[in-house]
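Peer 1: You'll find input37.csv just under this line, and it carries CSV, C-alpha atoms.
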chain,number,residue,atom,x,y,z
A,1,MET,CA,10.7,19.7,-7.3
A,2,SER,CA,8.0,19.6,-4.6
A,3,HIS,CA,5.3,22.3,-4.5
A,4,ILE,CA,6.4,23.1,-0.9
A,5,LYS,CA,9.8,23.2,0.8
A,6,VAL,CA,10.9,19.8,1.9
A,7,PRO,CA,14.4,18.5,2.7
A,8,ASP,CA,16.5,18.1,-0.5
A,9,GLY,CA,16.5,14.6,-1.9
A,10,ALA,CA,13.8,13.3,0.3
A,11,PRO,CA,11.5,11.3,-2.0
A,12,GLY,CA,7.8,10.7,-1.9
A,13,ILE,CA,6.1,10.9,1.5
A,14,ILE,CA,9.4,11.1,3.3
A,15,GLY,CA,9.9,14.8,2.4
A,16,PRO,CA,6.6,16.2,3.8
A,17,MET,CA,7.0,13.9,6.8
A,18,MET,CA,10.4,15.3,7.5
A,19,ALA,CA,9.2,18.8,7.0
A,20,TYR,CA,6.0,18.3,9.2
A,21,PRO,CA,6.9,15.7,11.9
A,22,GLU,CA,3.7,16.6,13.8
A,23,THR,CA,1.6,15.0,11.0
A,24,ALA,CA,4.2,12.3,10.2
A,25,LYS,CA,3.7,10.7,13.6
A,26,PRO,CA,0.0,9.8,13.3
A,27,LEU,CA,0.4,8.9,9.6
A,28,ASN,CA,3.2,6.5,10.4
A,29,GLU,CA,1.3,5.1,13.3
A,30,LEU,CA,-1.7,4.4,11.0
A,31,ALA,CA,0.6,2.7,8.4
A,32,GLU,CA,2.2,0.6,11.2
A,33,LEU,CA,-1.2,-0.5,12.5
A,34,LEU,CA,-2.6,-1.3,9.1
A,35,LEU,CA,0.5,-2.9,7.5
A,36,SER,CA,2.8,-4.3,10.1
A,37,GLN,CA,0.2,-6.3,12.0
A,38,GLN,CA,-1.1,-9.6,10.7
A,39,THR,CA,-3.7,-12.1,11.4
A,40,PRO,CA,-3.8,-15.8,10.5
A,41,THR,CA,-5.8,-14.9,7.4
A,42,PHE,CA,-4.2,-11.6,6.3
A,43,SER,CA,-0.4,-11.5,6.3
A,44,LYS,CA,1.9,-8.5,6.2
A,45,GLY,CA,2.7,-9.3,2.6
A,46,GLU,CA,-0.9,-9.4,1.6
A,47,ARG,CA,-1.6,-6.1,3.4
A,48,GLU,CA,1.3,-4.5,1.5
A,49,THR,CA,0.0,-6.0,-1.7
A,50,VAL,CA,-3.3,-4.2,-1.1
A,51,ALA,CA,-1.4,-0.9,-0.4
A,52,GLY,CA,0.7,-1.3,-3.5
A,53,TYR,CA,-2.2,-2.2,-5.7
A,54,VAL,CA,-4.3,0.7,-4.7
A,55,SER,CA,-1.3,3.0,-5.1
A,56,TYR,CA,-0.8,1.6,-8.6
A,57,LEU,CA,-4.4,2.2,-9.5
A,58,ASN,CA,-3.9,5.8,-8.3
A,59,ASN,CA,-0.8,6.0,-10.4
A,60,CYS,CA,1.3,7.0,-7.4
A,61,ILE,CA,4.7,5.8,-8.5
A,62,PHE,CA,6.4,6.3,-5.1
A,63,CYS,CA,3.8,4.5,-3.1
A,64,SER,CA,3.2,1.7,-5.5
A,65,GLU,CA,6.8,0.9,-6.0
A,66,SER,CA,7.8,1.2,-2.4
A,67,HIS,CA,4.9,-0.8,-1.0
A,68,GLY,CA,5.2,-3.3,-3.9
A,69,ALA,CA,8.8,-3.8,-2.8
A,70,VAL,CA,7.7,-4.4,0.8
A,71,ALA,CA,5.1,-6.9,-0.3
A,72,ASP,CA,7.6,-8.7,-2.5
A,73,PHE,CA,10.1,-8.8,0.4
A,74,HIS,CA,7.6,-10.2,2.8
A,75,GLU,CA,6.3,-12.8,0.3
A,76,LYS,CA,9.9,-13.6,-0.8
A,77,LYS,CA,8.7,-13.3,-4.4
A,78,PRO,CA,10.4,-10.5,-6.4
A,79,GLY,CA,8.1,-9.2,-9.1
A,80,LEU,CA,4.9,-10.5,-7.5
A,81,SER,CA,3.4,-7.0,-7.0
A,82,LYS,CA,4.0,-6.1,-10.6
A,83,SER,CA,2.2,-9.3,-11.8
A,84,VAL,CA,-0.7,-8.2,-9.6
A,85,TRP,CA,-0.7,-4.7,-11.2
A,86,LYS,CA,-0.5,-6.2,-14.7
A,87,ASN,CA,-3.5,-8.5,-14.2
A,88,MET,CA,-4.7,-9.2,-10.7
A,89,GLU,CA,-7.0,-12.0,-11.9
A,90,THR,CA,-4.1,-14.1,-13.4
A,91,ALA,CA,-1.4,-13.1,-10.9
A,92,PRO,CA,0.0,-16.0,-8.8
A,93,ILE,CA,-1.9,-15.2,-5.6
A,94,ASN,CA,-4.7,-17.0,-3.8
A,95,ASP,CA,-8.4,-16.4,-4.5
A,96,ARG,CA,-9.0,-15.0,-1.0
A,97,LEU,CA,-6.5,-12.2,-1.7
A,98,LYS,CA,-8.0,-11.6,-5.2
A,99,ALA,CA,-11.4,-11.1,-3.5
A,100,LEU,CA,-9.9,-8.6,-1.1
A,101,LEU,CA,-8.1,-6.8,-3.9
A,102,ARG,CA,-11.4,-6.6,-5.9
A,103,ILE,CA,-12.9,-4.8,-2.8
A,104,ALA,CA,-9.9,-2.5,-2.5
A,105,GLY,CA,-10.1,-1.7,-6.2
A,106,LYS,CA,-13.7,-0.7,-5.8
A,107,VAL,CA,-12.8,1.4,-2.8
A,108,GLN,CA,-10.2,3.2,-4.9
A,109,LYS,CA,-12.7,4.0,-7.7
A,110,ASP,CA,-16.0,4.5,-5.8
A,111,ALA,CA,-16.2,3.1,-2.3
A,112,ARG,CA,-20.0,3.0,-2.5
A,113,SER,CA,-19.7,0.3,-5.2
A,114,VAL,CA,-18.5,-2.3,-2.6
A,115,SER,CA,-21.5,-4.6,-2.2
A,116,LYS,CA,-22.6,-7.2,0.3
A,117,LYS,CA,-21.9,-9.8,-2.4
A,118,ASP,CA,-18.3,-8.6,-2.6
A,119,VAL,CA,-17.9,-9.1,1.1
A,120,GLU,CA,-19.6,-12.4,1.1
A,121,ALA,CA,-17.4,-13.6,-1.7
A,122,ALA,CA,-14.2,-12.7,0.3
A,123,ILE,CA,-15.6,-14.4,3.4
A,124,ALA,CA,-16.5,-17.5,1.5
A,125,LEU,CA,-12.9,-17.7,0.3
A,126,GLY,CA,-11.6,-17.6,3.9
A,127,SER,CA,-11.4,-13.9,4.8
A,128,THR,CA,-12.8,-12.7,8.1
A,129,GLU,CA,-14.9,-9.6,8.6
A,130,ARG,CA,-11.8,-8.1,10.2
A,131,ASP,CA,-9.8,-8.8,7.0
A,132,VAL,CA,-12.5,-7.1,4.9
A,133,HIS,CA,-12.5,-4.2,7.4
A,134,ASP,CA,-8.7,-3.9,7.1
A,135,ALA,CA,-8.6,-4.2,3.3
A,136,VAL,CA,-11.2,-1.3,3.0
A,137,LEU,CA,-9.3,0.8,5.5
A,138,ILE,CA,-5.9,0.1,3.8
A,139,ALA,CA,-7.4,1.1,0.5
A,140,SER,CA,-9.0,4.2,1.9
A,141,ALA,CA,-5.8,5.2,3.7
A,142,PHE,CA,-3.7,4.7,0.6
A,143,CYS,CA,-6.0,6.9,-1.4
A,144,MET,CA,-5.2,9.6,1.2
A,145,PHE,CA,-1.4,8.8,1.3
A,146,ASN,CA,-1.3,8.8,-2.6
A,147,ARG,CA,-3.0,12.1,-2.8
A,148,TYR,CA,-0.7,13.6,-0.1
A,149,VAL,CA,2.4,12.5,-2.0
A,150,ASP,CA,1.2,13.5,-5.5
A,151,GLY,CA,-0.8,16.6,-4.4
A,152,LEU,CA,2.4,18.1,-3.0
A,153,GLY,CA,4.3,17.3,-6.2
A,154,THR,CA,7.0,15.3,-4.3
A,155,ILE,CA,9.9,13.8,-6.2
A,156,ALA,CA,10.2,10.0,-6.7
A,157,PRO,CA,12.8,7.7,-8.3
A,158,PRO,CA,11.5,6.3,-11.6
A,159,ARG,CA,9.6,3.1,-11.7
A,160,ASP,CA,11.8,0.0,-11.3
A,161,SER,CA,14.6,2.0,-9.6
A,162,PRO,CA,16.7,-0.2,-7.3
A,163,ALA,CA,16.1,2.5,-4.6
A,164,TYR,CA,12.7,0.9,-4.0
A,165,LEU,CA,14.1,-2.5,-3.1
A,166,ALA,CA,16.2,-0.9,-0.3
A,167,MET,CA,13.1,1.1,0.9
A,168,GLY,CA,11.0,-2.1,0.8
A,169,GLU,CA,13.5,-4.1,2.8
A,170,ARG,CA,13.9,-1.3,5.4
A,171,LEU,CA,10.1,-0.9,5.8
A,172,ALA,CA,9.6,-4.6,6.0
A,173,THR,CA,12.3,-5.1,8.7
A,174,LYS,CA,12.0,-1.8,10.7
A,175,GLY,CA,8.3,-0.9,10.2
A,176,TYR,CA,6.7,2.5,9.9
A,177,ARG,CA,7.3,4.1,13.2
A,178,LYS,CA,11.0,4.5,12.2
A,179,ALA,CA,10.3,5.3,8.6
A,180,ILE,CA,11.8,8.7,8.6
Spell out the structure here as structure tokens.
Peer 2:
Amino acid sequence: MSHIKVPDGAPGIIGPMMAYPETAKPLNELAELLLSQQTPTFSKGERETVAGYVSYLNNCIFCSESHGAVADFHEKKPGLSKSVWKNMETAPINDRLKALLRIAGKVQKDARSVSKKDVEAAIALGSTERDVHDAVLIASAFCMFNRYVDGLGTIAPPRDSPAYLAMGERLATKGYRKAI
């Protein structure tokens, strides 16, 4: 049960967003901007992979499972996100994304630990400065989203619940502006 009153049965971030639509709007706009846009070098699936990975590192079940499902849907590779969580270095993803995930992981732990060398490594593997910017901002935003969800004690289906597959497909196809 959530620490505050939210609509019954509304899991994760959905409950507080339904209870407080004035804050839901800018949060959903931010998620839409960061996750539903893509560049030639940073796809929607890769962006969602960063969101899910940071959420997993933060142990936020709702966010890691739902954004992992979105990433897997976009990439058309069920289970890909979980392989990234298990061992990002050996997961079947490209080296450019691994470099961005290393940066995102540092942001999650201590953003000051991101170095020029980390950025140069990502760029050498084909990322742009914009990709690095977006990866850092996605990681930062998801630290906030994760703390919002978990700080309010929201409910969440258990890990591996089929409910996340449906959430993932809905977010991948409809986006975040219509998330609630």
Peer 1: At a cut-off of 9 Å, using all atoms listed in the file, what residues contact A:Asp134? Leave out same-chain residues fewer than 6 positions from it and give the result as a ChimeraX atom specification.
Peer 2: /A:34,42,47
Peer 1: Skipping near chain neighbours, those fewer than 2 positions away, what residues fall within 12 Å of A:Asp160 using all atoms listed in the file, listed as a list of chain:residue names?
Peer 2: A:Ile61, A:Phe62, A:Ser64, A:Glu65, A:Ser66, A:Gly68, A:Ala69, A:Pro78, A:Gly79, A:Ser81, A:Lys82, A:Ala156, A:Pro157, A:Pro158, A:Pro162, A:Ala163, A:Tyr164, A:Leu165, A:Ala166
Peer 1: For those residues, write C-alpha atoms to a file as a short mmCIF file (atom, residue, chain, number, x, y, z; two decimals), keeping the file's coordinate frame.
Peer 2:
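Final output, saved to again23.cif:
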data_model
loop_
_atom_site.label_atom_id
_atom_site.label_comp_id
_atom_site.auth_asym_id
_atom_site.auth_seq_id
_atom_site.Cartn_x
_atom_site.Cartn_y
_atom_site.Cartn_z
CA ILE A 61 4.70 5.80 -8.50
CA PHE A 62 6.40 6.30 -5.10
CA SER A 64 3.20 1.70 -5.50
CA GLU A 65 6.80 0.90 -6.00
CA SER A 66 7.80 1.20 -2.40
CA GLY A 68 5.20 -3.30 -3.90
CA ALA A 69 8.80 -3.80 -2.80
CA PRO A 78 10.40 -10.50 -6.40
CA GLY A 79 8.10 -9.20 -9.10
CA SER A 81 3.40 -7.00 -7.00
CA LYS A 82 4.00 -6.10 -10.60
CA ALA A 156 10.20 10.00 -6.70
CA PRO A 157 12.80 7.70 -8.30
CA PRO A 158 11.50 6.30 -11.60
CA PRO A 162 16.70 -0.20 -7.30
CA ALA A 163 16.10 2.50 -4.60
CA TYR A 164 12.70 0.90 -4.00
CA LEU A 165 14.10 -2.50 -3.10
CA ALA A 166 16.20 -0.90 -0.30
#
Peer 1: If we count only C-alpha atoms and set the cut-off at 12 Å, which residues sit around A:Lys109, ignoring sequence neighbours fewer than 3 positions away in its own chain? Please answer as JSON, numbers by chain.
Peer 2: {"A": [54, 55, 57, 58, 102, 103, 104, 105, 106, 112, 113, 114, 139, 140, 143]}
Peer 1: Have a look at atom CA of A:Thr41 and atom CA of A:Cys60 and let me know their distance in Å, one decimal.
Peer 2: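 For atom CA of A:Thr41 relative to atom CA of A:Cys60, the distance reads 27.4 Å.
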Peer 1: In Å to one decimal, how far is atom CA of A:Lys44 from atom CA of A:Lys86?
Peer 2: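 Interatomic distance here is 21.2 Å.
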Peer 1: Atom CA of A:His67 and atom CA of A:Thr49, how far apart in Å?
Peer 2: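 Distance between the two atoms: 7.2 Å.
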Peer 1: Of the candidates A:Thr173, A:Gln37, A:Thr154, A:Asn28, which one gets nearest to A:His74 if we count all atoms listed in the file?
Peer 2: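 For A:His74, the nearest of the given residues is A:Thr173.
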Peer 1: Once you count all atoms listed in the file, which residues end up no further than 12 Å from (-9.8, -12.5, -9.7) in the file's frame, shown as a list in words?
Peer 2: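 Neighbouring residues, ordered by chain and number, come to Val84, Asn87, Met88, Glu89, Thr90, Ala91, Pro92, Ile93, Asn94, Asp95, Arg96, Leu97, Lys98, Ala99, Leu100, Leu101, Arg102, Ile103, Gly105, Asp118, Ala121, Ala122 and Leu125 of chain A.
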Peer 1: Rank A:Glu32, A:Tyr56, A:Lys76, A:Cys63 by their smallest atom-to-atom distance to A:Ile155, using all atoms listed in the file, and report the top residue only.
Peer 2: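 Answer, going by the shortest atom-to-atom distance: A:Cys63.
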